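Trainee: work_35.cif (mmCIF, C-alpha atoms and all ligand atoms) pasted underneath:
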data_protein
loop_
_atom_site.label_atom_id
_atom_site.label_comp_id
_atom_site.auth_asym_id
_atom_site.auth_seq_id
_atom_site.Cartn_x
_atom_site.Cartn_y
_atom_site.Cartn_z
CA MET A 1 -56.72 56.80 -37.75
CA SER A 2 -55.33 53.51 -36.53
CA SER A 3 -55.74 50.36 -38.60
CA PRO A 4 -58.23 47.77 -37.36
CA ALA A 5 -55.33 45.52 -36.40
CA ALA A 6 -53.80 48.21 -34.19
CA ARG A 7 -57.09 49.23 -32.57
CA SER A 8 -57.27 48.56 -28.87
CA ILE A 9 -59.51 45.62 -28.11
CA THR A 10 -61.88 45.41 -25.16
CA CYS A 11 -61.72 41.78 -24.17
CA TYR A 12 -63.85 40.20 -21.53
CA SER A 13 -62.05 37.83 -19.26
CA LYS A 14 -62.51 34.30 -20.46
CA ILE A 15 -66.12 33.22 -20.92
CA PRO A 16 -67.01 30.38 -18.51
CA GLU A 17 -67.24 26.93 -20.06
CA PHE A 18 -69.35 23.84 -19.48
CA LEU A 19 -67.73 20.42 -19.68
CA VAL A 20 -69.75 18.48 -22.22
CA GLY A 21 -69.95 14.94 -23.62
CA ASN A 22 -68.34 11.68 -22.51
CA ILE A 23 -64.91 13.11 -21.95
CA GLY A 24 -65.97 16.56 -20.78
CA GLN A 25 -64.95 18.85 -23.61
CA PRO A 26 -65.11 22.54 -22.74
CA MET A 27 -67.96 24.45 -24.42
CA PRO A 28 -68.30 28.22 -23.87
CA ALA A 29 -71.38 29.31 -21.94
CA VAL A 30 -72.16 32.04 -24.50
CA GLY A 31 -71.63 31.79 -28.24
CA LEU A 32 -72.55 33.86 -31.28
CA GLY A 33 -75.48 32.75 -33.44
CA THR A 34 -75.08 33.41 -37.16
CA ALA A 35 -78.58 32.80 -38.53
CA SER A 36 -79.34 36.30 -39.70
CA HIS A 37 -82.55 37.43 -41.41
CA PRO A 38 -82.06 38.99 -43.89
CA PHE A 39 -78.62 37.47 -44.45
CA VAL A 40 -75.99 40.08 -45.39
CA ALA A 41 -72.63 38.33 -45.66
CA GLU A 42 -70.49 41.36 -44.85
CA ASP A 43 -72.50 42.15 -41.70
CA VAL A 44 -72.18 38.60 -40.40
CA ARG A 45 -68.44 38.50 -41.19
CA THR A 46 -67.93 41.74 -39.24
CA ALA A 47 -70.05 40.44 -36.34
CA VAL A 48 -67.98 37.25 -36.10
CA LEU A 49 -64.71 39.19 -36.10
CA THR A 50 -66.03 41.68 -33.55
CA ALA A 51 -67.30 38.85 -31.36
CA LEU A 52 -63.91 37.13 -31.45
CA GLU A 53 -62.23 40.42 -30.52
CA LEU A 54 -64.58 40.71 -27.55
CA GLY A 55 -63.69 37.24 -26.32
CA TYR A 56 -66.36 35.02 -27.89
CA ARG A 57 -64.95 31.63 -28.82
CA HIS A 58 -68.08 29.68 -29.79
CA ILE A 59 -69.67 30.39 -33.17
CA ASP A 60 -72.90 28.63 -34.13
CA THR A 61 -73.64 28.05 -37.79
CA ALA A 62 -75.50 25.53 -39.98
CA ALA A 63 -75.70 24.36 -43.58
CA LEU A 64 -79.06 26.16 -43.75
CA TYR A 65 -77.86 29.60 -42.62
CA ALA A 66 -75.55 30.28 -45.59
CA SER A 67 -73.13 31.68 -43.00
CA GLU A 68 -70.51 28.91 -42.93
CA ARG A 69 -68.33 30.52 -45.58
CA VAL A 70 -68.18 33.94 -43.89
CA VAL A 71 -67.74 32.34 -40.48
CA GLY A 72 -64.72 30.48 -41.87
CA GLU A 73 -63.33 33.61 -43.50
CA ALA A 74 -63.78 35.69 -40.34
CA MET A 75 -62.16 33.02 -38.20
CA ALA A 76 -59.20 32.70 -40.56
CA GLU A 77 -58.87 36.49 -40.51
CA ALA A 78 -58.97 36.48 -36.68
CA VAL A 79 -56.10 33.99 -36.60
CA ARG A 80 -54.13 36.07 -39.16
CA ARG A 81 -54.62 39.22 -37.07
CA GLY A 82 -53.63 37.45 -33.87
CA VAL A 83 -57.08 37.96 -32.31
CA VAL A 84 -57.04 34.24 -31.63
CA VAL A 85 -53.88 32.17 -31.54
CA SER A 86 -55.16 29.19 -33.52
CA ARG A 87 -58.21 27.26 -34.65
CA GLU A 88 -57.89 25.07 -31.52
CA GLU A 89 -58.99 28.04 -29.40
CA LEU A 90 -62.35 28.13 -31.15
CA PHE A 91 -65.53 26.12 -30.72
CA VAL A 92 -67.55 25.74 -33.91
CA THR A 93 -70.99 24.19 -34.14
CA SER A 94 -72.66 23.30 -37.43
CA LYS A 95 -75.76 21.31 -38.32
CA VAL A 96 -77.06 18.95 -40.97
CA TRP A 97 -80.31 20.21 -42.49
CA CYS A 98 -83.50 18.12 -43.03
CA THR A 99 -82.79 17.76 -46.78
CA GLN A 100 -79.55 15.94 -45.91
CA CYS A 101 -81.04 13.97 -43.01
CA HIS A 102 -80.51 10.68 -44.85
CA PRO A 103 -77.85 8.13 -43.87
CA GLU A 104 -75.84 8.51 -47.10
CA LEU A 105 -75.98 12.33 -47.11
CA VAL A 106 -74.80 13.20 -43.60
CA LEU A 107 -71.07 12.74 -44.17
CA PRO A 108 -71.07 14.57 -47.54
CA SER A 109 -73.00 17.41 -45.92
CA LEU A 110 -70.45 17.70 -43.11
CA LYS A 111 -67.61 17.63 -45.64
CA GLU A 112 -69.27 20.48 -47.54
CA SER A 113 -69.69 22.44 -44.29
CA LEU A 114 -66.00 21.89 -43.48
CA MET A 115 -65.01 23.07 -46.94
CA ASN A 116 -67.07 26.23 -46.47
CA LEU A 117 -65.61 26.74 -43.01
CA GLN A 118 -62.04 26.06 -44.25
CA MET A 119 -61.66 23.71 -41.29
CA GLU A 120 -60.57 20.16 -40.66
CA TYR A 121 -63.23 19.50 -38.04
CA VAL A 122 -66.17 21.04 -36.22
CA ASP A 123 -66.34 20.87 -32.46
CA LEU A 124 -70.00 19.97 -32.49
CA TYR A 125 -72.17 18.62 -35.29
CA LEU A 126 -75.93 18.49 -34.78
CA ILE A 127 -78.98 17.01 -36.47
CA HIS A 128 -80.81 20.31 -36.99
CA TRP A 129 -84.36 18.89 -36.72
CA PRO A 130 -85.66 15.34 -36.26
CA MET A 131 -87.27 15.43 -39.68
CA ALA A 132 -86.25 14.31 -43.17
CA ILE A 133 -87.11 16.07 -46.41
CA LYS A 134 -86.51 14.69 -49.92
CA PRO A 135 -82.85 15.31 -50.83
CA SER A 136 -82.18 18.77 -52.29
CA LYS A 137 -80.13 21.88 -51.45
CA PRO A 138 -80.83 23.05 -47.88
CA HIS A 139 -83.80 25.40 -48.05
CA PHE A 140 -86.76 26.68 -46.09
CA PRO A 141 -89.74 26.86 -46.00
CA MET A 142 -90.16 23.26 -47.10
CA LYS A 143 -93.08 21.60 -48.85
CA ARG A 144 -95.17 19.32 -46.67
CA GLU A 145 -95.33 16.84 -49.58
CA ASP A 146 -91.53 16.53 -49.42
CA ILE A 147 -91.45 15.18 -45.86
CA VAL A 148 -90.29 11.56 -45.83
CA PRO A 149 -89.93 9.11 -42.92
CA MET A 150 -86.65 9.73 -41.11
CA ASP A 151 -84.26 6.81 -40.65
CA LEU A 152 -83.08 7.95 -37.23
CA SER A 153 -80.92 4.89 -36.68
CA GLY A 154 -79.17 5.22 -40.06
CA VAL A 155 -78.72 8.97 -39.70
CA TRP A 156 -77.26 8.62 -36.21
CA GLN A 157 -74.86 5.89 -37.39
CA ALA A 158 -73.69 8.36 -40.04
CA MET A 159 -73.24 11.01 -37.33
CA GLU A 160 -71.19 8.49 -35.30
CA GLU A 161 -69.07 7.86 -38.38
CA CYS A 162 -68.42 11.63 -38.65
CA HIS A 163 -67.14 11.50 -35.09
CA ARG A 164 -65.03 8.37 -35.65
CA LEU A 165 -63.39 10.01 -38.68
CA GLY A 166 -62.41 12.95 -36.48
CA LEU A 167 -64.52 15.40 -38.49
CA ALA A 168 -66.80 16.19 -35.53
CA LYS A 169 -65.28 16.25 -32.03
CA MET A 170 -68.77 15.84 -30.59
CA ILE A 171 -72.13 14.97 -32.08
CA GLY A 172 -75.57 15.94 -30.90
CA VAL A 173 -79.05 16.99 -31.84
CA SER A 174 -81.31 20.02 -31.98
CA ASN A 175 -85.03 20.42 -31.47
CA PHE A 176 -85.33 16.93 -29.96
CA THR A 177 -88.14 16.34 -27.47
CA THR A 178 -87.72 13.86 -24.57
CA LYS A 179 -89.58 11.28 -26.69
CA LYS A 180 -87.21 11.72 -29.64
CA LEU A 181 -84.21 11.60 -27.29
CA GLN A 182 -85.48 8.36 -25.80
CA GLU A 183 -85.75 6.86 -29.30
CA LEU A 184 -82.22 8.00 -30.04
CA LEU A 185 -80.69 6.83 -26.76
CA ALA A 186 -82.15 3.37 -27.37
CA ILE A 187 -80.10 2.96 -30.57
CA ALA A 188 -77.04 5.20 -30.11
CA LYS A 189 -73.56 3.75 -29.61
CA ILE A 190 -72.37 7.30 -28.94
CA PRO A 191 -75.01 9.24 -27.01
CA PRO A 192 -75.73 12.83 -28.13
CA ALA A 193 -73.52 15.29 -26.24
CA VAL A 194 -75.83 18.27 -26.71
CA ASN A 195 -79.46 19.09 -27.47
CA GLN A 196 -79.78 22.64 -28.86
CA VAL A 197 -83.32 23.90 -28.29
CA GLU A 198 -85.38 27.03 -27.93
CA LEU A 199 -84.89 28.08 -24.31
CA ASN A 200 -85.59 31.37 -22.57
CA PRO A 201 -87.88 32.68 -19.81
CA THR A 202 -90.92 32.44 -22.11
CA TRP A 203 -90.12 28.80 -23.03
CA GLN A 204 -88.52 27.31 -19.96
CA GLN A 205 -88.49 23.63 -20.93
CA LYS A 206 -88.40 22.30 -17.35
CA LYS A 207 -89.24 18.71 -18.34
CA LEU A 208 -86.66 18.60 -21.12
CA ILE A 209 -83.91 20.12 -18.96
CA GLU A 210 -84.58 17.59 -16.20
CA PHE A 211 -84.51 14.74 -18.71
CA CYS A 212 -81.28 15.94 -20.32
CA ASN A 213 -79.59 16.45 -16.93
CA ASP A 214 -80.56 12.93 -15.98
CA LYS A 215 -79.09 11.49 -19.21
CA GLY A 216 -75.93 13.63 -19.24
CA ILE A 217 -76.98 15.59 -22.33
CA HIS A 218 -75.95 19.24 -22.24
CA VAL A 219 -78.72 21.72 -23.15
CA ALA A 220 -77.75 24.65 -25.36
CA ALA A 221 -80.26 27.48 -25.79
CA TYR A 222 -81.16 29.06 -29.09
CA SER A 223 -83.32 32.19 -29.46
CA PRO A 224 -82.20 33.12 -25.92
CA LEU A 225 -83.40 36.68 -26.58
CA GLY A 226 -86.75 35.73 -28.07
CA GLY A 227 -85.56 35.42 -31.67
CA GLN A 228 -85.33 37.85 -34.56
CA ARG A 229 -88.96 38.65 -35.31
CA ILE A 230 -89.39 42.39 -35.43
CA SER A 231 -92.97 42.55 -36.67
CA LYS A 232 -94.47 41.37 -33.41
CA MET A 233 -93.63 42.44 -29.89
CA ASN A 234 -90.59 40.56 -28.64
CA PRO A 235 -91.57 38.51 -25.59
CA ILE A 236 -88.13 38.79 -23.97
CA ARG A 237 -86.70 42.17 -24.92
CA GLN A 238 -90.04 43.85 -24.23
CA SER A 239 -91.07 41.82 -21.21
CA ASP A 240 -92.28 44.04 -18.35
CA ILE A 241 -91.20 41.46 -15.78
CA LEU A 242 -87.68 41.08 -17.15
CA GLU A 243 -87.37 44.84 -17.55
CA GLU A 244 -88.48 45.44 -13.98
CA ILE A 245 -86.00 42.87 -12.62
CA GLY A 246 -83.28 44.40 -14.79
CA LYS A 247 -84.01 47.96 -13.68
CA ALA A 248 -83.50 47.02 -10.04
CA ARG A 249 -80.02 45.61 -10.82
CA GLY A 250 -78.88 47.95 -13.56
CA LYS A 251 -79.20 45.26 -16.25
CA SER A 252 -81.20 45.00 -19.46
CA ALA A 253 -84.10 42.61 -20.00
CA ALA A 254 -81.82 40.79 -22.48
CA GLN A 255 -79.18 40.24 -19.78
CA ILE A 256 -81.79 38.98 -17.31
CA SER A 257 -82.88 36.40 -19.88
CA LEU A 258 -79.32 35.26 -20.60
CA ARG A 259 -78.42 35.09 -16.91
CA TRP A 260 -81.54 33.01 -16.22
CA ILE A 261 -80.50 30.55 -18.96
CA TYR A 262 -76.97 30.31 -17.53
CA GLU A 263 -78.41 29.57 -14.11
CA GLN A 264 -80.33 26.62 -15.63
CA GLY A 265 -76.94 25.03 -16.40
CA ALA A 266 -77.39 25.66 -20.12
CA SER A 267 -75.07 27.33 -22.59
CA MET A 268 -76.53 29.63 -25.25
CA VAL A 269 -76.01 31.09 -28.70
CA ALA A 270 -77.25 34.66 -29.07
CA LYS A 271 -77.19 36.59 -32.33
CA SER A 272 -76.30 40.25 -32.67
CA LEU A 273 -74.68 42.24 -35.44
CA LYS A 274 -74.00 45.16 -33.08
CA ARG A 275 -70.78 45.58 -31.12
CA GLU A 276 -72.43 47.12 -28.05
CA ARG A 277 -74.98 44.31 -27.82
CA LEU A 278 -72.34 41.64 -28.35
CA LYS A 279 -70.57 43.14 -25.33
CA GLU A 280 -73.77 43.47 -23.33
CA ASN A 281 -74.58 39.80 -23.91
CA LEU A 282 -71.34 38.78 -22.19
CA GLY A 283 -72.08 40.90 -19.10
CA ILE A 284 -73.92 38.15 -17.25
CA PHE A 285 -71.28 36.32 -15.27
CA ASP A 286 -70.37 38.54 -12.29
CA TRP A 287 -73.78 38.79 -10.64
CA GLU A 288 -76.78 36.56 -10.03
CA LEU A 289 -80.55 36.60 -9.85
CA SER A 290 -82.22 36.57 -6.44
CA ASP A 291 -84.73 33.92 -5.37
CA GLU A 292 -87.43 36.56 -5.80
CA ASP A 293 -86.27 37.27 -9.38
CA ARG A 294 -86.31 33.55 -10.14
CA PHE A 295 -89.79 33.22 -8.68
CA LYS A 296 -91.08 36.08 -10.83
CA ILE A 297 -89.50 34.58 -13.95
CA GLY A 298 -91.08 31.24 -13.03
CA GLN A 299 -94.49 32.92 -13.31
CA ILE A 300 -94.02 34.14 -16.91
CA ALA A 301 -96.63 32.73 -19.31
CA GLN A 302 -95.12 30.04 -21.55
CA ARG A 303 -95.20 30.14 -25.33
CA LYS A 304 -93.02 28.40 -27.89
CA LEU A 305 -91.87 30.69 -30.69
CA VAL A 306 -90.21 28.22 -33.05
CA THR A 307 -92.31 25.30 -34.21
CA VAL A 308 -91.91 22.82 -37.02
CA GLN A 309 -94.95 24.44 -38.65
CA ASN A 310 -92.81 27.62 -39.09
CA LEU A 311 -90.45 25.61 -41.30
CA LEU A 312 -93.15 24.37 -43.65
CA CYS A 313 -95.19 25.99 -46.39
CA PRO A 314 -98.69 26.63 -45.04
CA GLU A 315 -100.37 24.75 -47.89
CA GLY A 316 -100.00 21.08 -48.77
CA ILE A 317 -100.38 17.81 -46.89
CA SER A 318 -97.70 15.57 -45.41
CA CYS A 319 -97.98 11.79 -45.71
CA VAL A 320 -95.71 11.48 -42.65
CA ASP A 321 -97.09 12.17 -39.19
CA ILE A 322 -94.83 14.82 -37.72
CA SER A 323 -96.96 15.62 -34.70
CA ASP A 324 -94.32 14.08 -32.41
CA VAL A 325 -91.69 16.57 -33.65
CA ASP A 326 -93.62 19.47 -32.23
CA VAL A 327 -94.90 18.04 -28.95
CA LEU A 328 -95.00 20.91 -26.48
CA GLU A 329 -93.40 19.64 -23.29
CA ILE A 330 -93.76 21.83 -20.23
N1 LIG A 401 -81.15 24.89 -33.86
C1 LIG A 401 -82.14 25.63 -34.32
O1 LIG A 401 -83.14 25.14 -34.84
C2 LIG A 401 -82.03 27.12 -34.22
C3 LIG A 401 -83.18 27.92 -34.41
C4 LIG A 401 -83.05 29.31 -34.28
C5 LIG A 401 -81.81 29.86 -33.98
N2 LIG A 401 -80.69 29.07 -33.83
C6 LIG A 401 -79.38 29.64 -33.51
O2 LIG A 401 -79.51 30.49 -32.39
C7 LIG A 401 -79.04 31.79 -32.70
C8 LIG A 401 -79.74 32.84 -31.87
O3 LIG A 401 -81.14 32.77 -31.98
P1 LIG A 401 -81.99 33.83 -32.83
O4 LIG A 401 -81.12 34.34 -33.90
O5 LIG A 401 -83.28 33.19 -33.16
O6 LIG A 401 -82.35 35.00 -31.86
P2 LIG A 401 -81.84 35.65 -30.49
O7 LIG A 401 -80.39 35.47 -30.29
O8 LIG A 401 -82.79 35.24 -29.43
O9 LIG A 401 -82.16 37.18 -30.79
C9 LIG A 401 -81.50 37.84 -31.82
C10 LIG A 401 -82.11 39.22 -31.98
O10 LIG A 401 -81.96 39.99 -30.79
C11 LIG A 401 -81.29 41.23 -31.06
N3 LIG A 401 -80.39 41.43 -29.91
C12 LIG A 401 -79.22 40.80 -29.66
N4 LIG A 401 -78.70 41.21 -28.50
C13 LIG A 401 -79.55 42.13 -27.99
C14 LIG A 401 -79.56 42.92 -26.82
N5 LIG A 401 -78.59 42.83 -25.93
N6 LIG A 401 -80.60 43.79 -26.63
C15 LIG A 401 -81.60 43.87 -27.54
N7 LIG A 401 -81.66 43.15 -28.66
C16 LIG A 401 -80.64 42.28 -28.89
C17 LIG A 401 -80.58 41.04 -32.36
O11 LIG A 401 -80.59 42.23 -33.14
P3 LIG A 401 -79.22 42.88 -33.67
O12 LIG A 401 -78.54 41.88 -34.55
O13 LIG A 401 -79.72 44.08 -34.41
O14 LIG A 401 -78.44 43.22 -32.44
C18 LIG A 401 -81.39 39.95 -33.07
O15 LIG A 401 -82.36 40.48 -33.92
C19 LIG A 401 -79.26 31.89 -34.21
O16 LIG A 401 -78.54 32.94 -34.79
C20 LIG A 401 -78.80 30.50 -34.63
O17 LIG A 401 -77.39 30.44 -34.66
C21 LIG A 401 -80.81 27.71 -33.92
#
Any chance you could give the structure as structure tokens?
Mentor:
Amino acid sequence: MSSPAARSITCYSKIPEFLVGNIGQPMPAVGLGTASHPFVAEDVRTAVLTALELGYRHIDTAALYASERVVGEAMAEAVRRGVVVSREELFVTSKVWCTQCHPELVLPSLKESLMNLQMEYVDLYLIHWPMAIKPSKPHFPMKREDIVPMDLSGVWQAMEECHRLGLAKMIGVSNFTTKKLQELLAIAKIPPAVNQVELNPTWQQKKLIEFCNDKGIHVAAYSPLGGQRISKMNPIRQSDILEEIGKARGKSAAQISLRWIYEQGASMVAKSLKRERLKENLGIFDWELSDEDRFKIGQIAQRKLVTVQNLLCPEGISCVDISDVDVLEI
């Protein structure tokens, strides 16, 4: 049997990139998500290595996911094996969690992420949610009593400092509504390059996409396949409409969803631990949806899967009004 290093590698031709931020830095259209529930380090390490072998170059992680260390190890291993030439070929996103969303804790949190990743810089550093929790180790679910008012201006200045120090090539946000983005744009010296949000045919975010396009903020989709919940029916992978469109073109419902996102001008991070699916999720670039397909997808009932309420313990009362974090914008 051949060693893994000698195994032949099926590589997709280069994944298309979007030019993002003030100076137009290339960001791959599809990346690998590494939030994995339950989290099994060895499985995520293998998935990252496999993804890199298949041609993925963007890996999405966060202080919360506990995946930074294995992402770093897998990437270092990929360079050692010659799967990628050097760190510069890769695009790494990480995020500061709500418990570190305080002006004095942002830079230390990024430094800890970089230590875990064994890297000198991340390509993109995001505020994970526009919400601050009393300082503690990143965790979830969080107590409602621990929510404190967020100093958006101070936190963003700290993010700008991360960029100025060269520790984050680009800075951005995640889960920001148009209202939160407006607040941020009013105070930012460096505008956010990216807003990473839930985006897929069952949460199409038309208003947010229009707003971001207008302001030059790139939209990156998370949960592009409807997320990881297995208890309930998955709205994307088991969508009759997406399946029907896919059947007619020899594609899966998952691929129809990813292609639709790409056609919105958004990049995406999709999670899979399975080689075949990692491959499948890259097979979206050499064909397109028809106007009829797009019309049908436009008719899909809208429902947000990820809400701030999912991050909080059901019991307890918050002294801070967080209703504006979860505004549903259609
Ligand atoms: N910024 C944020 O607040 C935020 C929130 C959520 C997620 N994220 C990021 O976004 C990433 C992706 O989102 P997500 O993890 O919520 O879910 P997702 O990518 O929408 O879906 C992942 C699930 O779909 C399955 N899957 C993958 N490819 C498939 C295919 N071709 N056919 C059928 N099933 C497939 C995977 O199972 P297998 O592993 O068994 O293949 C996995 O359980 C996360 O990992 C994380 O990096 C960010």
Trainee: Report the distance between atom C10 of ligand LIG 401 (chain A) and CA of Arg229 (chain A) in Å, rounded to one decimal place.
Mentor: 7.6 Å
Trainee: Tell me which protein, DNA and RNA residues are within 6 Å of region 216-221 of chain A, counting only C-alpha atoms, leaving out same-chain ones fewer than 4 positions away, and put them as a VMD selection string.
Mentor: chain A and resid 193 to 199 212 266 to 268
Trainee: From the set A:Ile330, A:Ala41, A:Ala254, A:Ile241, which residue has the shortest atom-to-atom contact distance to ligand LIG 401 (chain A), counting all atoms listed in the file?
Mentor: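 Nearest to ligand LIG 401 (chain A): A:Ala254.
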Trainee: Let me have the centre and edge lengths in Å, one decimal, of the box along x, y and z around every listed atom of ligand LIG 401 (chain A) with 3 Å of margin on each side, as JSON.
Mentor:
{"center_x": -80.3, "center_y": 34.5, "center_z": -30.4, "size_x": 11.9, "size_y": 25.2, "size_z": 14.9}
Trainee: So, with all atoms listed in the file as the atoms that count, which of A:Gln157, A:Ser239, A:Thr178, A:Ser290 lies closest to ligand LIG 401 (chain A)?
Mentor: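 Looking at the shortest contact to ligand LIG 401 (chain A), the residue is A:Ser239.
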